[in-house]
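Colleague: This is model_35.cif (mmCIF, C-alpha atoms).
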```
data_protein
loop_
_atom_site.label_atom_id
_atom_site.label_comp_id
_atom_site.auth_asym_id
_atom_site.auth_seq_id
_atom_site.Cartn_x
_atom_site.Cartn_y
_atom_site.Cartn_z
CA MET V 8 149.47 145.83 69.41
CA THR V 9 150.00 142.32 70.65
CA ALA V 10 151.48 142.15 74.09
CA PRO V 11 153.27 138.95 75.06
CA MET V 12 150.38 136.66 75.40
CA ASP V 13 147.95 137.74 78.01
CA MET V 14 145.47 134.92 78.40
CA GLU V 15 142.79 136.93 80.10
CA GLY V 16 141.37 140.38 79.78
CA PRO V 17 141.23 142.54 76.69
CA ALA V 18 144.46 141.18 75.20
CA ALA V 19 143.41 137.55 75.57
CA PRO V 20 143.83 135.42 72.47
CA PRO V 21 140.73 135.49 70.33
CA ARG V 22 139.10 132.10 70.01
CA ALA V 23 136.39 132.70 67.45
CA ASN V 24 136.65 132.20 63.71
CA GLY V 25 135.64 135.71 62.92
CA GLU V 26 138.64 137.64 64.15
CA LEU V 27 140.16 140.44 62.11
CA VAL V 28 143.41 139.20 60.69
CA PHE V 29 145.07 142.57 60.22
CA ALA V 30 145.25 145.11 63.02
CA GLU V 31 146.01 148.00 60.65
CA PRO V 32 145.63 148.48 56.89
CA TRP V 33 149.38 148.67 56.24
CA GLU V 34 149.73 145.14 57.59
CA SER V 35 147.45 143.81 54.88
CA ARG V 36 149.42 145.75 52.23
CA ALA V 37 152.69 144.29 53.54
CA PHE V 38 151.15 140.83 53.44
CA GLY V 39 149.80 141.33 49.91
CA MET V 40 153.10 142.69 48.59
CA ALA V 41 155.02 139.63 49.76
CA VAL V 42 152.53 137.26 48.15
CA ALA V 43 152.36 139.30 44.92
CA LEU V 44 156.15 139.52 44.58
CA TYR V 45 156.54 135.84 45.34
CA GLU V 46 153.94 135.04 42.68
CA ALA V 47 155.82 137.31 40.28
CA GLY V 48 158.95 135.24 40.92
CA LEU V 49 161.12 137.88 42.63
CA PHE V 50 161.99 135.39 45.35
CA THR V 51 161.06 131.92 46.47
CA TRP V 52 158.82 131.36 49.46
CA PRO V 53 161.57 129.56 51.43
CA GLN V 54 163.78 132.63 50.90
CA PHE V 55 161.13 134.88 52.36
CA GLN V 56 160.45 132.46 55.16
CA ALA V 57 164.13 132.28 56.11
CA ALA V 58 164.27 136.09 56.22
CA LEU V 59 161.18 136.20 58.43
CA ILE V 60 162.59 133.59 60.80
CA ALA V 61 165.85 135.56 61.01
CA ARG V 62 164.00 138.79 61.79
CA ILE V 63 161.89 137.20 64.52
CA ALA V 64 164.88 135.36 65.97
CA GLY V 65 166.80 138.63 66.03
CA TRP V 66 164.02 140.36 67.91
CA GLU V 67 163.79 137.54 70.44
CA ALA V 68 167.54 137.27 70.93
CA ALA V 69 167.81 141.02 71.51
CA ARG V 70 165.32 140.74 74.35
CA THR V 71 166.34 137.50 75.98
CA GLY V 72 170.09 137.41 75.38
CA GLY V 73 169.58 134.09 73.63
CA ALA V 74 168.09 132.50 76.73
CA GLY V 75 164.77 131.77 75.07
CA TRP V 76 161.40 133.23 75.75
CA SER V 77 160.45 134.31 79.22
CA ALA V 78 157.64 136.45 80.48
CA GLU V 79 160.12 138.73 82.25
CA ALA V 80 162.34 139.31 79.24
CA THR V 81 159.52 140.13 76.87
CA GLU V 82 157.19 141.89 79.23
CA GLY V 83 156.20 145.27 77.89
CA ALA V 84 158.29 144.77 74.76
CA HIS V 85 156.74 145.98 71.56
CA TRP V 86 155.81 142.97 69.44
CA SER V 87 154.50 143.46 65.93
CA TYR V 88 154.49 140.39 63.73
CA TYR V 89 153.91 142.39 60.57
CA GLU V 90 156.82 144.71 61.30
CA HIS V 91 159.03 141.63 61.09
CA TRP V 92 157.14 140.55 58.00
CA LEU V 93 157.79 143.91 56.32
CA ALA V 94 161.45 143.93 57.37
CA ALA V 95 161.86 140.41 55.97
CA LEU V 96 160.31 141.54 52.70
CA GLU V 97 162.74 144.45 52.55
CA ASP V 98 165.60 142.03 53.25
CA VAL V 99 164.79 139.69 50.37
CA LEU V 100 164.23 142.63 48.02
CA ALA V 101 167.57 144.13 49.03
CA ASP V 102 169.30 140.76 48.56
CA SER V 103 167.92 140.43 45.06
CA GLY V 104 168.80 144.03 44.25
CA ALA V 105 165.19 144.85 43.43
CA MET V 106 164.90 147.55 46.09
CA LEU V 107 167.39 149.00 48.51
CA ALA V 108 166.52 149.87 52.09
CA ASP V 109 167.81 153.41 51.61
CA GLU V 110 165.36 153.99 48.78
CA ILE V 111 162.48 152.94 50.98
CA THR V 112 163.72 155.05 53.87
CA ALA V 113 164.04 158.12 51.64
CA ARG V 114 160.52 157.69 50.28
CA ALA V 115 159.07 157.01 53.72
CA ARG V 116 160.71 160.19 55.07
CA ALA V 117 159.23 162.14 52.18
CA LEU V 118 155.81 160.70 52.96
CA ALA V 119 156.27 161.69 56.60
CA GLN V 120 156.60 165.33 55.48
CA ARG V 121 153.04 165.40 54.17
CA ARG V 122 150.83 167.84 55.94
CA THR V 123 148.37 166.29 58.31
CA GLY V 124 145.06 165.55 56.73
CA HIS V 125 146.79 164.22 53.67
CA ASP V 126 146.77 160.57 54.54
CA ARG V 127 146.28 158.44 51.53
CA MET C 24 170.56 142.00 55.20
CA THR C 25 169.47 144.66 57.64
CA THR C 26 167.65 147.86 57.00
CA GLY C 27 169.97 149.72 59.34
CA GLY C 28 169.41 151.48 62.62
CA SER C 29 168.22 154.84 61.37
CA ALA C 30 165.81 153.24 58.91
CA ASP C 31 164.05 151.39 61.70
CA ARG C 32 162.86 154.62 63.23
CA VAL C 33 160.54 155.29 60.31
CA PRO C 34 157.14 153.88 61.29
CA ALA C 35 156.30 150.61 59.57
CA SER C 36 153.09 152.06 58.17
CA LEU C 37 155.10 154.67 56.25
CA ARG C 38 157.70 152.15 55.13
CA ALA C 39 154.95 149.88 53.81
CA GLU C 40 153.36 152.76 51.94
CA ALA C 41 156.74 153.87 50.56
CA LEU C 42 157.56 150.35 49.44
CA GLU C 43 154.22 149.94 47.71
CA GLN C 44 154.67 153.26 45.88
CA LEU C 45 158.16 152.33 44.70
CA LEU C 46 157.15 148.83 43.64
CA THR C 47 154.14 150.22 41.78
CA GLU C 48 156.24 152.86 40.01
CA ARG C 49 158.64 150.19 38.84
CA GLY C 50 155.87 147.96 37.61
CA LEU C 51 156.67 145.22 40.12
CA VAL C 52 153.34 145.41 41.91
CA ASP C 53 149.88 146.31 40.70
CA PRO C 54 147.77 147.81 43.50
CA ASN C 55 144.68 146.12 42.07
CA VAL C 56 146.40 142.75 42.26
CA LEU C 57 147.30 143.55 45.88
CA ASP C 58 143.67 144.34 46.63
CA ALA C 59 142.61 141.04 45.09
CA ILE C 60 145.18 139.05 47.07
CA ILE C 61 144.15 140.68 50.33
CA THR C 62 140.45 140.12 49.66
CA THR C 63 141.09 136.50 48.79
CA TYR C 64 142.94 135.79 51.99
CA GLU C 65 140.53 137.76 54.13
CA THR C 66 137.36 136.22 52.75
CA ASP C 67 137.74 133.23 50.42
CA VAL C 68 140.62 131.41 52.01
CA GLY C 69 139.85 130.46 55.51
CA PRO C 70 138.75 127.97 58.09
CA LEU C 71 135.82 127.00 55.88
CA ASN C 72 138.16 125.01 53.64
CA GLY C 73 139.63 123.15 56.60
CA ALA C 74 136.15 122.58 58.01
CA THR C 75 135.06 121.07 54.71
CA VAL C 76 137.96 118.62 54.89
CA VAL C 77 137.13 117.67 58.49
CA ALA C 78 133.40 117.24 57.84
CA LYS C 79 134.12 114.96 54.89
CA ALA C 80 136.48 112.89 57.02
CA TRP C 81 133.82 112.57 59.72
CA THR C 82 131.17 111.38 57.29
CA ASP C 83 133.24 109.32 54.84
CA PRO C 84 135.42 106.65 56.51
CA GLU C 85 137.23 105.92 53.28
CA TYR C 86 138.15 109.60 52.90
CA ARG C 87 139.22 109.77 56.55
CA ARG C 88 141.63 106.90 55.97
CA ARG C 89 143.09 108.58 52.89
CA LEU C 90 143.37 111.89 54.75
CA LEU C 91 145.36 110.34 57.59
CA ASP C 92 147.51 108.32 55.16
CA ASP C 93 148.39 111.18 52.84
CA GLY C 94 146.92 114.50 53.88
CA THR C 95 148.32 116.44 50.94
CA ALA C 96 146.72 114.14 48.36
CA ALA C 97 143.38 113.92 50.17
CA ILE C 98 143.18 117.70 50.56
CA ARG C 99 144.10 118.12 46.92
CA GLU C 100 141.12 115.92 46.01
CA LEU C 101 138.90 118.71 47.33
CA GLY C 102 140.81 121.35 45.40
CA PHE C 103 142.43 123.10 48.36
CA ILE C 104 145.97 123.65 47.26
CA GLY C 105 148.16 126.69 47.21
CA LEU C 106 150.74 128.76 48.99
CA GLN C 107 151.64 127.41 52.43
CA THR C 108 149.55 124.29 51.93
CA GLU C 109 151.93 122.30 49.76
CA HIS C 110 152.58 119.48 52.19
CA VAL C 111 150.07 118.78 54.94
CA VAL C 112 150.10 116.04 57.54
CA VAL C 113 146.81 115.37 59.32
CA VAL C 114 146.71 114.07 62.87
CA GLU C 115 143.59 112.85 64.64
CA ASN C 116 142.45 113.88 68.08
CA THR C 117 140.70 111.25 70.17
CA ALA C 118 139.49 110.92 73.75
CA THR C 119 142.97 109.83 74.87
CA SER C 120 145.31 111.46 72.38
CA HIS C 121 145.46 115.19 71.73
CA HIS C 122 147.47 116.99 69.07
CA VAL C 123 148.26 120.69 69.02
CA VAL C 124 150.18 122.67 66.42
CA VAL C 125 152.71 125.47 66.75
CA CYS C 126 155.42 127.03 64.65
CA THR C 127 158.28 127.71 67.02
CA LEU C 128 160.37 129.63 64.48
CA CYS C 129 157.85 131.94 62.89
CA SER C 130 154.26 131.25 61.95
CA CYS C 131 154.04 128.43 59.42
CA TYR C 132 150.38 127.66 59.01
CA PRO C 133 148.18 126.03 56.32
CA TRP C 134 146.66 129.24 54.93
CA GLN C 135 144.57 127.50 52.32
CA LEU C 136 142.82 125.46 54.98
CA LEU C 137 142.65 127.81 57.95
CA GLY C 138 143.11 131.31 56.56
CA LEU C 139 145.83 133.52 57.97
CA PRO C 140 147.06 132.72 61.45
CA PRO C 141 145.43 134.50 64.40
CA SER C 142 147.57 136.83 66.48
CA TRP C 143 148.00 134.41 69.38
CA TYR C 144 149.50 131.81 67.01
CA LYS C 145 152.21 134.29 66.03
CA ASP C 146 152.84 135.45 69.57
CA PRO C 147 156.27 134.66 71.08
CA ALA C 148 154.61 133.42 74.27
CA TYR C 149 152.42 130.81 72.56
CA ARG C 150 155.28 129.68 70.34
CA ALA C 151 157.64 129.16 73.25
CA ARG C 152 155.29 127.99 75.97
CA VAL C 153 153.06 125.46 74.21
CA VAL C 154 156.12 123.30 73.61
CA ARG C 155 157.25 123.48 77.23
CA GLU C 156 153.95 123.31 79.06
CA PRO C 157 151.20 122.41 76.59
CA ARG C 158 148.69 121.25 79.20
CA ARG C 159 148.90 124.54 81.05
CA VAL C 160 148.76 126.70 77.93
CA LEU C 161 145.74 124.78 76.62
CA SER C 162 144.07 125.14 79.99
CA GLU C 163 144.66 128.89 79.91
CA MET C 164 143.07 128.95 76.49
CA GLY C 165 140.00 127.21 77.87
CA LEU C 166 140.77 123.60 76.98
CA GLU C 167 141.07 121.36 80.02
CA LEU C 168 142.58 117.96 79.26
CA GLY C 169 142.65 115.14 81.80
CA ASP C 170 145.93 113.64 82.95
CA ASP C 171 145.06 110.48 81.00
CA VAL C 172 145.10 112.39 77.72
CA GLN C 173 148.44 112.25 75.95
CA ILE C 174 149.42 115.55 74.34
CA THR C 175 151.62 115.74 71.26
CA VAL C 176 152.91 119.12 70.08
CA HIS C 177 153.71 119.41 66.37
CA ASP C 178 156.15 122.04 65.19
CA SER C 179 155.23 123.34 61.74
CA SER C 180 158.02 124.12 59.35
CA SER C 181 158.42 125.32 55.82
CA GLU C 182 158.35 121.68 54.74
CA VAL C 183 155.39 120.34 56.70
CA ARG C 184 152.12 121.91 57.79
CA TRP C 185 149.93 120.16 60.31
CA LEU C 186 146.17 119.97 60.42
CA VAL C 187 144.35 118.53 63.40
CA LEU C 188 141.33 116.35 62.67
CA PRO C 189 139.22 117.16 65.74
CA GLU C 190 137.11 114.63 67.56
CA ARG C 191 133.54 114.55 66.31
CA PRO C 192 131.27 115.71 69.12
CA ALA C 193 128.63 113.44 70.60
CA GLY C 194 125.11 113.87 69.34
CA THR C 195 126.05 114.61 65.74
CA ASP C 196 125.78 111.09 64.40
CA GLY C 197 122.94 111.70 62.00
CA LEU C 198 124.17 115.04 60.68
CA PRO C 199 125.31 115.36 57.06
CA ALA C 200 128.59 117.05 56.19
CA ASP C 201 127.04 120.41 55.32
CA ARG C 202 125.44 120.62 58.78
CA LEU C 203 128.72 119.69 60.46
CA VAL C 204 130.86 122.30 58.68
CA PRO C 205 129.56 125.29 60.69
CA LEU C 206 130.45 123.51 63.95
CA ILE C 207 134.11 123.11 63.04
CA THR C 208 136.33 125.93 64.26
CA ARG C 209 139.77 127.08 63.32
CA ASP C 210 140.99 126.66 66.88
CA ALA C 211 139.92 123.01 66.95
CA MET C 212 141.89 122.40 63.76
CA VAL C 213 145.00 123.90 65.38
CA GLY C 214 144.31 121.78 68.46
CA VAL C 215 143.67 124.48 71.06
CA ALA C 216 139.93 123.77 71.36
CA ARG C 217 137.38 120.99 71.10
CA ILE C 218 134.36 121.02 68.84
CA GLN C 219 131.27 121.78 70.86
CA ALA C 220 128.15 119.71 70.28
CA PRO C 221 125.39 121.76 68.60
#
```
Spell out the structure here as structure tokens.

Modeller:
Amino acid sequence: MTAPMDMEGPAAPPRANGELVFAEPWESRAFGMAVALYEAGLFTWPQFQAALIARIAGWEAARTGGAGWSAEATEGAHWSYYEHWLAALEDVLADSGAMLADEITARARALAQRRTGHDR
Amino acid sequence: MTTGGSADRVPASLRAEALEQLLTERGLVDPNVLDAIITTYETDVGPLNGATVVAKAWTDPEYRRRLLDDGTAAIRELGFIGLQTEHVVVVENTATSHHVVVCTLCSCYPWQLLGLPPSWYKDPAYRARVVREPRRVLSEMGLELGDDVQITVHDSSSEVRWLVLPERPAGTDGLPADRLVPLITRDAMVGVARIQAP
């Protein structure tokens, strides 16, 4: 959703207090799961944070060749903060052995087979 | 550490749903607890807490001094503690000195005081550019600062969160704290805006 920051026009950064925090419902679920699992003690917050930093750094490095951010390198690139958030959550769960990526992939593929009109 | 190339092609919305199902089935997550967490962060936790801190500092010189000395302790006095707000340093904006906050690595942010970060705060462009050319970025965001104003950019980390104590606008001298709170915006407490006089 978020293009590399466009300061004017429809994608301009919101400046009011009342902005919607989550662009799509799944983003709020991903957010809530990380907080809930942290509170349940499955990982520490610094562990999650390190995984998130690694995911974002990986995304940026893949687009800039390690040269740092530039408008040219990231122009048009798909940026979704909560995709990195979710990937980081999967990483810490995989590291702790609580949930393997393959299990999630298999379930997600099964969900993708649902007939249309059967969204949850 | 990675989820693998083929896995990444499954849309994130489906992966999130799959993960929630699996976690729920294994008793690791309760969907009702998730609902409560989301509601809390969407409604209860937010800029209002930060605004309460700022309004108190504006109206209580003794509190302001404590807040600038030891932000964590002064914020704790008001009961605003929690995830991502464990250690807060407060910096004061004045007519000649301006502070602005970024997290260059990810999106560290004092949730308990400001709510969840807005999208621009998480954006790669803001995170990279505000360090390199803060005056220009702030100008693009609608905040023009004169050349005589010194700008300091603070990089949040997992250890330290920053909160900007904005400059109290002219014409608010007689106002009590509860009338000041609605004037205080999230953006001013990140340092990308000024507080407008009422």

Colleague: Compile the contact shell of Pro157 in chain C as a list of chain:residue names: residues with an atom at most 12 Å away, counting all atoms listed in the file, same-chain residues fewer than 5 positions apart removed.

Modeller: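 Near neighbours after the sequence-gap exclusion: C:His121, C:His122, C:Val123, C:Val124, C:Val125, C:Ala148, C:Tyr149, C:Arg150, C:Ala151, C:Arg152, C:Ser162, C:Glu163, C:Met164, C:Leu166, C:Glu167, C:Leu168, C:Val172, C:Gln173, C:Ile174, C:Thr175, C:Val176, C:His177, C:Gly214, C:Val215.
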
Colleague: Quick check on the file I pasted: which residues fall under the PyMOL selection byres ((chain V and resi 108) around 8)? Write them as a list in words.

Modeller: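 Taken on the displayed file, the PyMOL selection byres ((chain V and resi 108) around 8) yields the residues Glu97, Asp98, Ala101, Met106, Leu107, Asp109, Glu110, Ile111 and Thr112 of chain V; Thr26 and Ala30 of chain C.
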
Colleague: Distance CA of Ala94 in chain V-CA of Arg114 in chain V, one decimal place?

Modeller: 15.5 Å

Colleague: Do you know which residues the PyMOL selection byres ((chain C and resi 71) around 10) returns on this file, as a PDB file with C-alpha atoms, keeping the file's coordinate frame?

Modeller:
```pdb
ATOM      1  CA  ASN V  24     136.650 132.200  63.710  1.00  0.00           C
TER       2      ASN V  24
ATOM      3  CA  THR C  66     137.360 136.220  52.750  1.00  0.00           C
ATOM      4  CA  ASP C  67     137.740 133.230  50.420  1.00  0.00           C
ATOM      5  CA  VAL C  68     140.620 131.410  52.010  1.00  0.00           C
ATOM      6  CA  GLY C  69     139.850 130.460  55.510  1.00  0.00           C
ATOM      7  CA  PRO C  70     138.750 127.970  58.090  1.00  0.00           C
ATOM      8  CA  ASN C  72     138.160 125.010  53.640  1.00  0.00           C
ATOM      9  CA  GLY C  73     139.630 123.150  56.600  1.00  0.00           C
ATOM     10  CA  ALA C  74     136.150 122.580  58.010  1.00  0.00           C
ATOM     11  CA  THR C  75     135.060 121.070  54.710  1.00  0.00           C
ATOM     12  CA  VAL C  76     137.960 118.620  54.890  1.00  0.00           C
ATOM     13  CA  VAL C  77     137.130 117.670  58.490  1.00  0.00           C
ATOM     14  CA  GLN C 135     144.570 127.500  52.320  1.00  0.00           C
ATOM     15  CA  LEU C 136     142.820 125.460  54.980  1.00  0.00           C
ATOM     16  CA  LEU C 137     142.650 127.810  57.950  1.00  0.00           C
ATOM     17  CA  GLY C 138     143.110 131.310  56.560  1.00  0.00           C
ATOM     18  CA  VAL C 204     130.860 122.300  58.680  1.00  0.00           C
ATOM     19  CA  PRO C 205     129.560 125.290  60.690  1.00  0.00           C
ATOM     20  CA  ILE C 207     134.110 123.110  63.040  1.00  0.00           C
ATOM     21  CA  THR C 208     136.330 125.930  64.260  1.00  0.00           C
ATOM     22  CA  ARG C 209     139.770 127.080  63.320  1.00  0.00           C
TER      23      ARG C 209
END
```

Colleague: Please provide the set of residues having any atom within 9 Å of range 35-46 of chain V, restricted to all atoms listed in the file, with same-chain residues fewer than 4 positions apart removed, written as a ChimeraX atom specification.

Modeller: /V:28-31,50-52,55,89-90,92-93,96 /C:39-40,42-43,46,51-54,56-61,106

Colleague: May I have the residues from that selection written out with C-alpha atoms, as a PDB file, keeping the file's coordinate frame?

Modeller:
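Saved file again15.pdb follows:
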```pdb
ATOM      1  CA  VAL V  28     143.410 139.200  60.690  1.00  0.00           C
ATOM      2  CA  PHE V  29     145.070 142.570  60.220  1.00  0.00           C
ATOM      3  CA  ALA V  30     145.250 145.110  63.020  1.00  0.00           C
ATOM      4  CA  GLU V  31     146.010 148.000  60.650  1.00  0.00           C
ATOM      5  CA  PHE V  50     161.990 135.390  45.350  1.00  0.00           C
ATOM      6  CA  THR V  51     161.060 131.920  46.470  1.00  0.00           C
ATOM      7  CA  TRP V  52     158.820 131.360  49.460  1.00  0.00           C
ATOM      8  CA  PHE V  55     161.130 134.880  52.360  1.00  0.00           C
ATOM      9  CA  TYR V  89     153.910 142.390  60.570  1.00  0.00           C
ATOM     10  CA  GLU V  90     156.820 144.710  61.300  1.00  0.00           C
ATOM     11  CA  TRP V  92     157.140 140.550  58.000  1.00  0.00           C
ATOM     12  CA  LEU V  93     157.790 143.910  56.320  1.00  0.00           C
ATOM     13  CA  LEU V  96     160.310 141.540  52.700  1.00  0.00           C
TER      14      LEU V  96
ATOM     15  CA  ALA C  39     154.950 149.880  53.810  1.00  0.00           C
ATOM     16  CA  GLU C  40     153.360 152.760  51.940  1.00  0.00           C
ATOM     17  CA  LEU C  42     157.560 150.350  49.440  1.00  0.00           C
ATOM     18  CA  GLU C  43     154.220 149.940  47.710  1.00  0.00           C
ATOM     19  CA  LEU C  46     157.150 148.830  43.640  1.00  0.00           C
ATOM     20  CA  LEU C  51     156.670 145.220  40.120  1.00  0.00           C
ATOM     21  CA  VAL C  52     153.340 145.410  41.910  1.00  0.00           C
ATOM     22  CA  ASP C  53     149.880 146.310  40.700  1.00  0.00           C
ATOM     23  CA  PRO C  54     147.770 147.810  43.500  1.00  0.00           C
ATOM     24  CA  VAL C  56     146.400 142.750  42.260  1.00  0.00           C
ATOM     25  CA  LEU C  57     147.300 143.550  45.880  1.00  0.00           C
ATOM     26  CA  ASP C  58     143.670 144.340  46.630  1.00  0.00           C
ATOM     27  CA  ALA C  59     142.610 141.040  45.090  1.00  0.00           C
ATOM     28  CA  ILE C  60     145.180 139.050  47.070  1.00  0.00           C
ATOM     29  CA  ILE C  61     144.150 140.680  50.330  1.00  0.00           C
ATOM     30  CA  LEU C 106     150.740 128.760  48.990  1.00  0.00           C
TER      31      LEU C 106
END
```
